[in-house]
$ cat upload-v1.cif   # mmCIF, C-alpha atoms
data_run
loop_
_atom_site.label_atom_id
_atom_site.label_comp_id
_atom_site.auth_asym_id
_atom_site.auth_seq_id
_atom_site.Cartn_x
_atom_site.Cartn_y
_atom_site.Cartn_z
CA MET A 39 0.00 0.00 0.00
CA GLN A 40 1.11 3.52 -0.79
CA LEU A 41 -0.46 6.80 0.31
CA ILE A 42 -0.48 10.02 -1.69
CA VAL A 43 -1.01 12.84 0.80
CA THR A 44 -1.74 16.53 0.27
CA THR A 45 0.37 19.14 2.03
CA ASN A 46 -0.63 22.39 3.72
CA TRP A 47 2.93 23.72 3.07
CA ASP A 48 3.98 23.40 6.71
CA ASP A 49 7.51 21.94 7.08
CA LYS A 50 6.36 20.03 10.18
CA PHE A 51 3.83 18.15 8.06
CA LEU A 52 6.67 16.42 6.21
CA ASP A 53 8.34 15.52 9.52
CA GLY A 54 5.27 13.54 10.54
CA LEU A 55 5.07 11.37 7.39
CA ASP A 56 6.45 7.85 7.06
CA PRO A 57 8.44 7.31 3.82
CA ALA A 58 7.72 3.60 4.07
CA VAL A 59 4.03 4.27 3.44
CA VAL A 60 3.82 7.70 1.80
CA SER A 61 5.22 7.83 -1.73
CA TRP A 62 3.91 11.16 -3.08
CA VAL A 63 3.17 14.53 -1.53
CA SER A 64 0.70 16.60 -3.54
CA GLY A 65 0.06 20.32 -3.47
CA ARG A 66 -0.57 23.47 -5.45
CA LEU A 67 -0.33 27.24 -5.22
CA PRO A 68 -3.41 29.03 -3.85
CA ARG A 69 -3.84 30.49 -7.35
CA ASP A 70 -2.21 29.85 -10.72
CA GLU A 71 -3.15 29.95 -14.41
CA ILE A 72 -5.29 26.79 -14.37
CA GLY A 73 -6.56 26.32 -10.83
CA GLY A 74 -7.64 23.20 -9.01
CA SER A 75 -10.53 21.52 -7.23
CA SER A 76 -8.89 19.15 -4.73
CA ILE A 77 -7.83 21.80 -2.23
CA PHE A 78 -9.88 24.56 -0.64
CA PRO A 79 -7.61 27.64 -0.92
CA GLY A 80 -8.45 28.77 2.62
CA ASN A 81 -7.17 25.53 4.12
CA MET A 82 -3.46 26.16 3.70
CA ALA A 83 -1.19 26.76 6.67
CA LYS A 84 0.43 29.69 4.89
CA ARG A 85 0.23 31.62 1.65
CA ILE A 86 2.98 30.31 -0.55
CA ASN A 87 4.51 31.61 -3.78
CA ARG A 88 6.60 30.00 -6.51
CA LYS A 89 9.89 30.41 -4.66
CA GLY A 90 8.31 28.88 -1.59
CA VAL A 91 7.10 25.88 -3.61
CA GLU A 92 10.58 25.35 -5.10
CA LYS A 93 12.13 25.42 -1.63
CA TYR A 94 9.47 23.07 -0.25
CA ILE A 95 10.00 20.56 -3.07
CA LYS A 96 13.65 20.31 -2.05
CA LEU A 97 12.52 19.44 1.48
CA ILE A 98 10.13 16.83 0.05
CA HIS A 99 12.95 15.20 -1.90
CA LYS A 100 15.29 15.37 1.09
CA ARG A 101 12.78 13.38 3.14
CA GLY A 102 12.43 10.72 0.46
CA PHE A 103 9.10 11.66 -1.12
CA LYS A 104 8.11 12.70 -4.64
CA PHE A 105 6.06 15.79 -5.40
CA ASN A 106 2.86 15.86 -7.47
CA TYR A 107 1.53 19.27 -8.53
CA LEU A 108 -2.27 19.36 -8.68
CA LEU A 109 -3.26 21.26 -11.80
CA ASP A 110 -6.77 19.86 -11.66
CA GLY A 111 -8.94 22.86 -12.45
CA HIS A 112 -12.03 21.88 -14.44
CA CYS A 113 -12.68 25.23 -16.08
CA THR A 114 -10.39 28.02 -17.27
CA SER A 115 -12.97 30.22 -19.04
CA ASN A 116 -11.75 28.91 -22.42
CA LYS A 117 -8.48 30.81 -22.14
CA GLU A 118 -6.61 27.70 -23.31
CA TYR A 119 -8.03 28.41 -26.77
CA SER A 120 -6.66 31.93 -27.02
CA TYR A 121 -3.06 32.75 -27.95
CA ARG A 122 -2.37 34.80 -24.82
CA GLY A 123 -4.21 32.44 -22.45
CA ALA A 124 -2.63 29.30 -23.86
CA ASN A 125 0.87 30.75 -23.55
CA ARG A 126 0.28 31.76 -19.94
CA MET A 127 -0.90 28.22 -19.16
CA LEU A 128 2.11 26.71 -20.92
CA GLU A 129 4.42 29.00 -18.94
CA ASN A 130 2.76 27.72 -15.77
CA ILE A 131 3.48 24.12 -16.77
CA ARG A 132 7.05 25.00 -17.71
CA TRP A 133 7.59 26.48 -14.24
CA ILE A 134 6.15 23.34 -12.59
CA SER A 135 8.70 21.25 -14.50
CA ASP A 136 11.54 23.65 -13.64
CA SER A 137 10.49 23.70 -9.96
CA GLY A 138 11.62 20.10 -9.55
CA ALA A 139 8.15 18.56 -9.40
CA ASP A 140 8.21 14.83 -10.18
CA GLY A 141 4.66 14.63 -11.46
CA ILE A 142 1.59 16.62 -12.35
CA THR A 143 -2.11 15.76 -12.23
CA VAL A 144 -4.49 17.39 -14.74
CA VAL A 145 -8.13 17.06 -15.76
CA LEU A 146 -7.96 18.81 -19.15
CA PRO A 147 -7.27 16.07 -21.75
CA HIS A 148 -5.15 18.16 -24.11
CA LEU A 149 -2.75 19.00 -21.26
CA VAL A 150 -1.90 15.29 -21.01
CA GLU A 151 -0.65 15.30 -24.60
CA ILE A 152 1.27 18.56 -24.17
CA ILE A 153 3.04 17.44 -21.01
CA LYS A 154 3.87 13.95 -22.33
CA ARG A 155 5.32 15.55 -25.47
CA ASP A 156 7.26 18.46 -23.98
CA TYR A 157 8.16 17.25 -20.48
CA PRO A 158 8.94 13.53 -20.69
CA ARG A 159 10.81 13.68 -17.37
CA MET A 160 7.60 14.28 -15.43
CA LYS A 161 5.00 11.70 -14.56
CA VAL A 162 1.50 12.66 -15.66
CA GLY A 163 -1.74 11.73 -13.94
CA PHE A 164 -5.31 12.35 -15.00
CA GLY A 165 -8.49 12.75 -13.04
CA GLY A 166 -9.92 13.74 -9.71
CA SER A 167 -12.53 12.63 -7.23
CA ARG A 168 -15.36 13.12 -9.76
CA VAL A 169 -13.85 12.86 -13.22
CA VAL A 170 -13.78 9.39 -14.72
CA TRP A 171 -14.72 5.80 -14.06
CA GLU A 172 -16.03 4.57 -17.42
CA ILE A 173 -13.83 1.81 -18.83
CA THR A 174 -13.79 3.30 -22.33
CA ARG A 175 -12.54 6.63 -21.00
CA ILE A 176 -9.85 5.22 -18.73
CA LYS A 177 -8.59 3.08 -21.62
CA TYR A 178 -8.34 6.23 -23.74
CA PHE A 179 -6.16 8.02 -21.20
CA ASP A 180 -4.17 4.87 -20.54
CA GLY A 181 -3.49 4.84 -24.28
CA LEU A 182 -2.20 8.42 -24.09
CA GLY A 183 0.45 7.16 -21.70
CA VAL A 184 -0.70 8.60 -18.37
CA ASP A 185 1.08 7.18 -15.36
CA TRP A 186 -2.00 7.17 -13.13
CA ILE A 187 -5.71 7.88 -13.20
CA ILE A 188 -7.58 9.07 -10.12
CA LEU A 189 -10.93 7.32 -10.29
CA HIS A 190 -14.29 8.93 -9.64
CA SER A 191 -15.12 8.28 -5.98
CA ALA A 192 -18.62 7.06 -6.92
CA SER A 193 -16.95 3.85 -8.10
CA HIS A 194 -15.80 2.84 -4.61
CA ARG A 195 -18.81 0.65 -3.80
CA SER A 196 -19.18 -0.74 -7.34
CA PHE A 197 -16.93 -3.76 -7.04
CA ARG A 198 -17.77 -5.30 -10.40
CA ALA A 199 -16.76 -2.04 -12.07
CA LEU A 200 -13.58 -1.80 -9.98
CA ARG A 201 -12.50 -5.30 -11.02
CA ALA A 202 -13.21 -4.55 -14.68
CA MET A 203 -11.34 -1.23 -14.62
CA ARG A 204 -8.30 -2.68 -12.89
CA SER A 205 -7.96 -5.42 -15.51
CA ALA A 206 -8.61 -3.04 -18.43
CA VAL A 207 -5.60 -0.71 -18.09
CA LYS A 208 -1.87 -0.85 -17.36
CA CYS A 209 -1.45 2.50 -15.60
CA GLU A 210 -1.82 3.00 -11.87
CA LEU A 211 -5.34 3.61 -10.58
CA TRP A 212 -5.60 5.80 -7.49
CA LEU A 213 -8.61 5.77 -5.17
CA VAL A 214 -9.58 8.83 -3.11
CA ALA A 215 -9.73 7.25 0.33
CA ASN A 216 -11.27 9.90 2.57
CA THR A 217 -13.88 11.63 0.42
CA GLY A 218 -16.83 13.00 2.37
CA CYS A 219 -18.81 14.21 -0.64
CA LEU A 220 -22.34 13.01 -1.21
CA LEU A 221 -22.73 10.05 -3.54
CA PHE A 222 -23.69 11.32 -7.02
CA CYS A 223 -23.76 14.84 -5.59
CA ASN A 224 -26.00 17.21 -7.55
CA PHE A 225 -23.71 20.13 -6.72
CA GLY A 226 -20.45 18.35 -7.53
CA TYR A 227 -19.61 19.68 -10.96
CA ASP A 228 -20.62 23.23 -10.04
CA HIS A 229 -18.46 22.96 -6.93
CA ASP A 230 -15.50 21.78 -9.01
CA ASN A 231 -15.89 24.71 -11.39
CA TYR A 232 -16.26 27.19 -8.54
CA LEU A 233 -13.00 26.04 -6.94
CA ALA A 234 -11.24 26.09 -10.31
CA HIS A 235 -12.23 29.71 -10.86
CA ALA A 236 -11.47 30.69 -7.26
CA SER A 237 -7.93 29.32 -7.60
CA ASN A 238 -6.93 30.65 -11.03
CA TYR A 239 -6.24 34.14 -12.29
CA THR A 240 -9.27 34.23 -14.58
CA ALA A 241 -11.69 35.58 -11.99
CA ALA A 242 -11.40 37.51 -8.74
CA PHE A 243 -11.75 35.24 -5.73
CA SER A 244 -15.27 35.30 -4.31
CA TYR A 245 -15.85 33.06 -1.31
CA THR A 246 -19.10 31.16 -0.99
CA ASP A 247 -20.12 28.23 1.18
CA TYR A 248 -23.22 27.54 -0.90
CA PHE A 249 -22.30 23.96 -1.79
CA HIS A 250 -21.31 22.86 1.70
CA LEU A 251 -24.43 24.49 3.17
CA ASN A 252 -26.65 22.43 0.88
CA CYS A 253 -24.77 19.19 1.52
CA ASN A 254 -24.76 19.74 5.29
CA LYS A 255 -28.50 20.39 5.30
CA ILE A 256 -29.19 17.24 3.28
CA ILE A 257 -27.15 15.08 5.67
CA LEU A 258 -28.89 16.49 8.74
CA GLN A 259 -32.27 15.77 7.15
CA LYS A 260 -31.28 12.33 5.87
CA PRO A 261 -28.48 10.78 7.98
CA GLU A 262 -28.28 7.78 5.64
CA GLU A 263 -26.53 10.10 3.16
CA LEU A 264 -23.47 9.88 5.42
CA ILE A 265 -23.38 6.12 4.91
CA LYS A 266 -23.82 6.51 1.15
CA CYS A 267 -20.80 8.86 0.93
CA PRO A 268 -18.14 6.82 -0.92
CA TRP A 269 -15.44 7.04 1.76
CA ILE A 270 -13.08 4.14 2.34
CA ARG A 271 -12.54 3.27 5.98
CA PRO A 272 -8.92 2.73 7.04
CA GLU A 273 -9.98 -0.74 8.17
CA ASP A 274 -11.31 -1.59 4.69
CA LEU A 275 -8.19 -0.82 2.65
CA CYS A 276 -7.45 -4.55 2.35
CA VAL A 277 -10.72 -5.05 0.43
CA TYR A 278 -9.44 -2.80 -2.35
CA GLU A 279 -5.92 -4.22 -2.20
CA ASN A 280 -7.41 -7.64 -2.93
CA LEU A 281 -8.80 -6.14 -6.15
CA GLY A 282 -5.37 -4.86 -7.19
CA TYR A 283 -5.64 -1.29 -5.87
CA ASP A 284 -2.73 -0.21 -3.69
CA LYS A 285 -2.53 3.58 -4.25
CA PHE A 286 -4.76 5.71 -2.03
CA PHE A 287 -5.06 9.47 -2.44
CA ILE A 288 -5.63 11.44 0.79
CA LEU A 289 -7.44 14.78 0.54
CA PRO A 290 -6.87 17.56 3.10
CA ASN A 291 -9.64 18.85 5.36
CA SER A 292 -7.86 21.48 7.43
CA SER A 293 -5.00 23.96 7.48
CA LYS A 294 -3.86 22.44 10.78
CA THR A 295 -0.90 20.07 10.48
CA SER A 296 -2.07 17.92 13.40
CA GLU A 297 -5.38 17.29 11.64
CA LEU A 298 -3.72 16.30 8.36
CA LEU A 299 -1.31 13.95 10.11
CA LYS A 300 -4.25 12.40 11.96
CA ILE A 301 -5.72 11.40 8.59
CA ALA A 302 -2.43 10.04 7.24
CA ASN A 303 -1.78 8.05 10.41
CA ALA A 304 -5.29 6.58 10.39
CA TYR A 305 -4.72 5.12 6.92
CA LYS A 306 -1.14 4.15 7.72
CA THR A 307 -2.25 2.11 10.75
CA ARG A 308 -5.48 1.00 9.00
CA LYS A 309 -7.50 1.97 12.04
CA TYR A 310 -9.41 4.95 13.37
CA ASP A 311 -11.26 5.09 16.66
CA GLY A 312 -13.93 7.71 16.93
CA ASN A 313 -15.93 9.94 14.62
CA LEU A 314 -15.11 9.08 11.01
CA LEU A 315 -16.11 12.62 10.02
CA ASP A 316 -12.85 13.82 11.63
CA ILE A 317 -10.77 12.34 8.81
CA LEU A 318 -13.11 12.88 5.86
CA SER A 319 -12.75 15.72 3.36
CA ALA A 320 -15.55 17.44 1.46
CA MET A 321 -13.78 19.30 -1.34
CA GLY A 322 -10.84 20.19 0.89
CA LYS A 323 -12.85 21.07 3.99
CA LYS A 324 -14.07 19.28 7.09
CA MET A 325 -17.65 18.15 6.92
CA PHE A 326 -19.73 20.73 8.83
CA GLN A 327 -16.68 23.00 9.04
CA SER A 328 -17.31 26.24 10.90
CA ARG A 329 -15.62 29.52 10.09
CA ASN A 330 -12.90 28.89 12.72
CA GLY A 331 -11.76 25.76 10.86
CA TRP A 332 -13.26 23.21 13.25
CA GLN A 333 -16.59 21.40 13.08
CA GLU A 334 -19.87 23.00 14.09
CA GLU A 335 -21.04 22.20 17.59
CA GLY A 336 -23.53 19.34 17.84
CA VAL A 337 -23.02 17.90 14.37
CA PRO A 338 -23.53 14.17 13.74
CA VAL A 339 -21.04 11.55 14.86
CA LEU A 340 -20.31 8.73 12.44
CA ASP A 341 -19.18 6.08 14.91
CA ASN A 342 -16.55 4.04 13.09
CA SER A 343 -16.80 1.20 15.61
CA LYS A 344 -20.45 0.67 14.65
CA LEU A 345 -19.69 0.20 10.95
CA GLY A 346 -17.86 -3.09 11.38
CA SER A 347 -18.24 -5.27 8.29
CA ALA A 348 -20.79 -2.99 6.59
CA ILE A 349 -18.79 -3.04 3.36
CA LYS A 350 -19.48 -6.76 2.85
CA PHE A 351 -23.02 -5.89 1.82
CA PHE A 352 -21.71 -3.91 -1.16
CA ILE A 353 -19.18 -6.58 -2.07
CA ASN A 354 -21.90 -9.22 -2.27
CA LYS A 355 -24.59 -6.96 -3.70
CA LYS A 356 -25.84 -8.23 -7.06
CA GLU A 357 -27.09 -4.86 -8.34
CA GLU A 358 -24.77 -1.87 -8.10
CA CYS A 359 -26.01 1.33 -6.45
CA PHE A 360 -25.94 3.48 -9.58
CA ARG A 361 -28.40 1.09 -11.24
CA MET A 362 -31.15 1.25 -8.62
CA LEU A 363 -33.12 3.56 -6.34
CA CYS A 364 -32.17 3.65 -2.67
CA SER A 365 -35.84 3.13 -1.79
CA GLU A 366 -35.54 -0.34 -3.30
CA CYS A 367 -32.73 -1.25 -0.91
CA GLY A 368 -32.73 0.66 2.39
CA TYR A 369 -29.44 -0.79 3.64
CA CYS A 370 -27.70 2.55 4.26
CA LYS A 371 -30.73 3.81 6.18
CA GLU A 372 -30.55 0.83 8.53
CA VAL A 373 -26.81 1.27 9.07
CA ALA A 374 -27.32 4.97 9.79
CA LYS A 375 -29.72 4.13 12.62
CA LYS A 376 -26.85 2.39 14.40
CA ALA A 377 -23.79 4.34 13.35
CA VAL A 378 -24.95 7.97 12.99
CA ILE A 379 -25.39 9.62 16.38
CA PHE A 380 -26.76 13.09 17.12
CA PRO A 381 -25.22 14.25 20.44
CA GLN A 382 -27.41 17.36 20.56
CA PRO A 383 -30.72 16.54 18.79
CA ARG A 384 -32.29 19.92 19.61
CA ARG A 385 -29.45 21.75 17.89
CA ILE A 386 -29.99 19.90 14.61
CA ARG A 387 -33.20 21.75 13.77
CA ARG A 388 -31.52 25.07 14.54
CA LEU A 389 -28.60 24.14 12.26
CA ILE A 390 -30.94 23.14 9.41
CA ASN A 391 -32.75 26.48 9.71
CA LYS A 392 -29.44 28.34 9.87
CA TYR A 393 -28.17 26.60 6.73
CA GLN A 394 -31.43 27.32 4.91
CA ARG A 395 -31.28 31.04 5.80
CA ASP A 396 -27.68 31.26 4.56
CA ILE A 397 -28.58 29.43 1.33
CA GLU A 398 -31.45 31.83 0.68
CA ARG A 399 -29.21 34.85 1.32
CA ILE A 400 -26.74 33.58 -1.28
CA GLU A 401 -29.51 32.77 -3.78
CA ASP A 402 -30.93 36.28 -3.27
CA GLY A 403 -27.55 37.88 -3.91
CA LYS A 404 -27.17 39.13 -0.35
#
$ encode --input "upload-v1.cif" --output "structure tokens"
Amino acid sequence: MQLIVTTNWDDKFLDGLDPAVVSWVSGRLPRDEIGGSSIFPGNMAKRINRKGVEKYIKLIHKRGFKFNYLLDGHCTSNKEYSYRGANRMLENIRWISDSGADGITVVLPHLVEIIKRDYPRMKVGFGGSRVVWEITRIKYFDGLGVDWIILHSASHRSFRALRAMRSAVKCELWLVANTGCLLFCNFGYDHDNYLAHASNYTAAFSYTDYFHLNCNKIILQKPEELIKCPWIRPEDLCVYENLGYDKFFILPNSSKTSELLKIANAYKTRKYDGNLLDILSAMGKKMFQSRNGWQEEGVPVLDNSKLGSAIKFFINKKEECFRMLCSECGYCKEVAKKAVIFPQPRRIRRLINKYQRDIERIEDGK
């Protein structure tokens, strides 16, 4: 097993990683010419510039890791098709290569061809937590020569599809281990595009919590949505290893080094005692993250000890989740009754109302 972790640019974060388990450290600038969707720009320990990245990469190499730059912005306002915009993007890639980065992950297909052609020294990965899991598509990118593909997290409970994908391609397939996003989230693609724009130079940064507010409200109203989220428990890594998957991508959920190391250590030791929400990441943030960076008071607890062998149901399930309605099954709802705990039930209604008011303010342009 190998972990690919995401840095907050704190030197102490590297000190807490085990080179025997962690192979790659990923990261990106808060803003560049292409942007990204894996990291919430506000959850970095410090604002870092190009010189800072170059210095940090040297520390990464000194500690025995490789560095993967996340250039995974989904939308660049079409500037890649203009002379000026394309040249600025190419300069960005040239700097990434010159910085000493060992690899780069993109989600724009034509960038794969450019990087493979012009920068053969660098490894190239494709994908993100919600990009690709169709066999035809992963075979296409495997044919382009990518070194890894990060699979869509919705595939995590579709074991027939996972087996088929693993046998269909030669490149590495990475699974996002600690995703806390809703399964088949209706806000997912918009959220990706928002983060891409917020982290590139195309548009001025405008902060909004619209997507998290909606997801939080849905989970409070339907706790079974927490069980449906396609996270992989540290205890269940062996299930995926038995299918031929041994690369697990860890997303950040905080600017705090101690919180990031908690996630890495949970997957390193294959065990986490407590609230699974602590180590999950919803688009680079903690689930139910408050403005001070911690979780809201009174939010649900997803008791990891109560989940036990819950994954066996999905392994043995004849019909995969994306082919049926949840009302025809009901398994996640039953698991939620045991594993999702509300420490302060009275506060839940107040939180739902608060989220709804904030959503309406955003929708009304206030």
$ closest_atom_pairs --input "upload-v1.cif" --of "stretch 203-275 of chain A" --to "stretch 325-339 of chain A" --cutoff "8 Å" --atoms "all atoms listed in the file" --output "CSV"
residue,atom,partner,partner_atom,distance
A:Gly218,CA,A:Met325,CA,6.9
A:His250,CA,A:Phe326,CA,7.6
A:Asn254,CA,A:Phe326,CA,6.2
A:Leu258,CA,A:Pro338,CA,7.7
$ resolve_selection --input "upload-v1.cif" --expression "the PyMOL selection byres ((chain A and resi 316) around 9)" --output "PDB file with C-alpha atoms, keeping the file's coordinate frame"
ATOM      1  CA  ASN A 291      -9.640  18.850   5.360  1.00  0.00           C
ATOM      2  CA  GLU A 297      -5.380  17.290  11.640  1.00  0.00           C
ATOM      3  CA  LYS A 300      -4.250  12.400  11.960  1.00  0.00           C
ATOM      4  CA  ILE A 301      -5.720  11.400   8.590  1.00  0.00           C
ATOM      5  CA  GLY A 312     -13.930   7.710  16.930  1.00  0.00           C
ATOM      6  CA  ASN A 313     -15.930   9.940  14.620  1.00  0.00           C
ATOM      7  CA  LEU A 314     -15.110   9.080  11.010  1.00  0.00           C
ATOM      8  CA  LEU A 315     -16.110  12.620  10.020  1.00  0.00           C
ATOM      9  CA  ILE A 317     -10.770  12.340   8.810  1.00  0.00           C
ATOM     10  CA  LEU A 318     -13.110  12.880   5.860  1.00  0.00           C
ATOM     11  CA  SER A 319     -12.750  15.720   3.360  1.00  0.00           C
ATOM     12  CA  LYS A 324     -14.070  19.280   7.090  1.00  0.00           C
ATOM     13  CA  MET A 325     -17.650  18.150   6.920  1.00  0.00           C
ATOM     14  CA  GLN A 333     -16.590  21.400  13.080  1.00  0.00           C
TER      15      GLN A 333
END
$ closest_residue --input "upload-v1.cif" --among "A:Tyr107, A:Trp47, A:Phe360, A:Trp186" --to "A:Arg204" --atoms "only C-alpha atoms"
A:Trp186
$ axis_aligned_box --input "upload-v1.cif" --around "stretch 179-189 of chain A" --padding-each-side "4 Å" --output "lines of an AutoDock Vina configuration file"
center_x = -4.9
center_y = 7.0
center_z = -17.2
size_x = 20.0
size_y = 12.2
size_z = 22.2
$ atom_distance --input "upload-v1.cif" --atom1 "atom CA of A:Ser193" --atom2 "atom CA of A:Lys208"
18.3 Å
$ resolve_selection --input "upload-v1.cif" --expression "the PyMOL selection byres ((chain A and resi 53-65) around 6)" --output "PyMOL selection string"
chain A and resi 40-45+50-52+66+103-108
$ atom_distance --input "upload-v1.cif" --atom1 "atom CA of A:Asp402" --atom2 "atom CA of A:Asp247"
14.2 Å
$ resolve_selection --input "upload-v1.cif" --expression "the PyMOL selection byres ((chain A and resi 249) around 12)" --output "PDB file with C-alpha atoms, keeping the file's coordinate frame"
ATOM      1  CA  CYS A 219     -18.810  14.210  -0.640  1.00  0.00           C
ATOM      2  CA  LEU A 220     -22.340  13.010  -1.210  1.00  0.00           C
ATOM      3  CA  CYS A 223     -23.760  14.840  -5.590  1.00  0.00           C
ATOM      4  CA  ASN A 224     -26.000  17.210  -7.550  1.00  0.00           C
ATOM      5  CA  PHE A 225     -23.710  20.130  -6.720  1.00  0.00           C
ATOM      6  CA  GLY A 226     -20.450  18.350  -7.530  1.00  0.00           C
ATOM      7  CA  TYR A 227     -19.610  19.680 -10.960  1.00  0.00           C
ATOM      8  CA  ASP A 228     -20.620  23.230 -10.040  1.00  0.00           C
ATOM      9  CA  HIS A 229     -18.460  22.960  -6.930  1.00  0.00           C
ATOM     10  CA  ASP A 230     -15.500  21.780  -9.010  1.00  0.00           C
ATOM     11  CA  ASN A 231     -15.890  24.710 -11.390  1.00  0.00           C
ATOM     12  CA  TYR A 232     -16.260  27.190  -8.540  1.00  0.00           C
ATOM     13  CA  LEU A 233     -13.000  26.040  -6.940  1.00  0.00           C
ATOM     14  CA  TYR A 245     -15.850  33.060  -1.310  1.00  0.00           C
ATOM     15  CA  THR A 246     -19.100  31.160  -0.990  1.00  0.00           C
ATOM     16  CA  ASP A 247     -20.120  28.230   1.180  1.00  0.00           C
ATOM     17  CA  TYR A 248     -23.220  27.540  -0.900  1.00  0.00           C
ATOM     18  CA  HIS A 250     -21.310  22.860   1.700  1.00  0.00           C
ATOM     19  CA  LEU A 251     -24.430  24.490   3.170  1.00  0.00           C
ATOM     20  CA  ASN A 252     -26.650  22.430   0.880  1.00  0.00           C
ATOM     21  CA  CYS A 253     -24.770  19.190   1.520  1.00  0.00           C
ATOM     22  CA  ASN A 254     -24.760  19.740   5.290  1.00  0.00           C
ATOM     23  CA  LYS A 255     -28.500  20.390   5.300  1.00  0.00           C
ATOM     24  CA  ILE A 256     -29.190  17.240   3.280  1.00  0.00           C
ATOM     25  CA  ALA A 320     -15.550  17.440   1.460  1.00  0.00           C
ATOM     26  CA  MET A 321     -13.780  19.300  -1.340  1.00  0.00           C
ATOM     27  CA  LYS A 323     -12.850  21.070   3.990  1.00  0.00           C
ATOM     28  CA  MET A 325     -17.650  18.150   6.920  1.00  0.00           C
ATOM     29  CA  PHE A 326     -19.730  20.730   8.830  1.00  0.00           C
ATOM     30  CA  TYR A 393     -28.170  26.600   6.730  1.00  0.00           C
ATOM     31  CA  GLN A 394     -31.430  27.320   4.910  1.00  0.00           C
ATOM     32  CA  ASP A 396     -27.680  31.260   4.560  1.00  0.00           C
ATOM     33  CA  ILE A 397     -28.580  29.430   1.330  1.00  0.00           C
ATOM     34  CA  ILE A 400     -26.740  33.580  -1.280  1.00  0.00           C
ATOM     35  CA  GLU A 401     -29.510  32.770  -3.780  1.00  0.00           C
TER      36      GLU A 401
END
$ closest_residue --input "upload-v1.cif" --among "A:Ala215, A:Ile176, A:Ala206, A:Cys267" --to "A:Phe287" --atoms "only C-alpha atoms"
A:Ala215
$ residues_around --input "upload-v1.cif" --residues "stretch 134-140 of chain A" --least-positions-apart "5" --cutoff "12 Å" --atoms "all atoms listed in the file" --output "PyMOL selection string"
chain A and resi 61-67+70-71+87-99+103-109+127-129+153-154+156-163+185
$ residues_around --input "upload-v1.cif" --residues "A:Tyr239" --least-positions-apart "4" --cutoff "10 Å" --atoms "only C-alpha atoms" --output "PyMOL selection string"
chain A and resi 69-73+114+234-235+243
$ write_last_selection --input "upload-v1.cif" --atoms "C-alpha atoms" --output "PDB file, in the coordinates of the input"
ATOM      1  CA  ARG A  69      -3.840  30.490  -7.350  1.00  0.00           C
ATOM      2  CA  ASP A  70      -2.210  29.850 -10.720  1.00  0.00           C
ATOM      3  CA  GLU A  71      -3.150  29.950 -14.410  1.00  0.00           C
ATOM      4  CA  ILE A  72      -5.290  26.790 -14.370  1.00  0.00           C
ATOM      5  CA  GLY A  73      -6.560  26.320 -10.830  1.00  0.00           C
ATOM      6  CA  THR A 114     -10.390  28.020 -17.270  1.00  0.00           C
ATOM      7  CA  ALA A 234     -11.240  26.090 -10.310  1.00  0.00           C
ATOM      8  CA  HIS A 235     -12.230  29.710 -10.860  1.00  0.00           C
ATOM      9  CA  PHE A 243     -11.750  35.240  -5.730  1.00  0.00           C
TER      10      PHE A 243
END
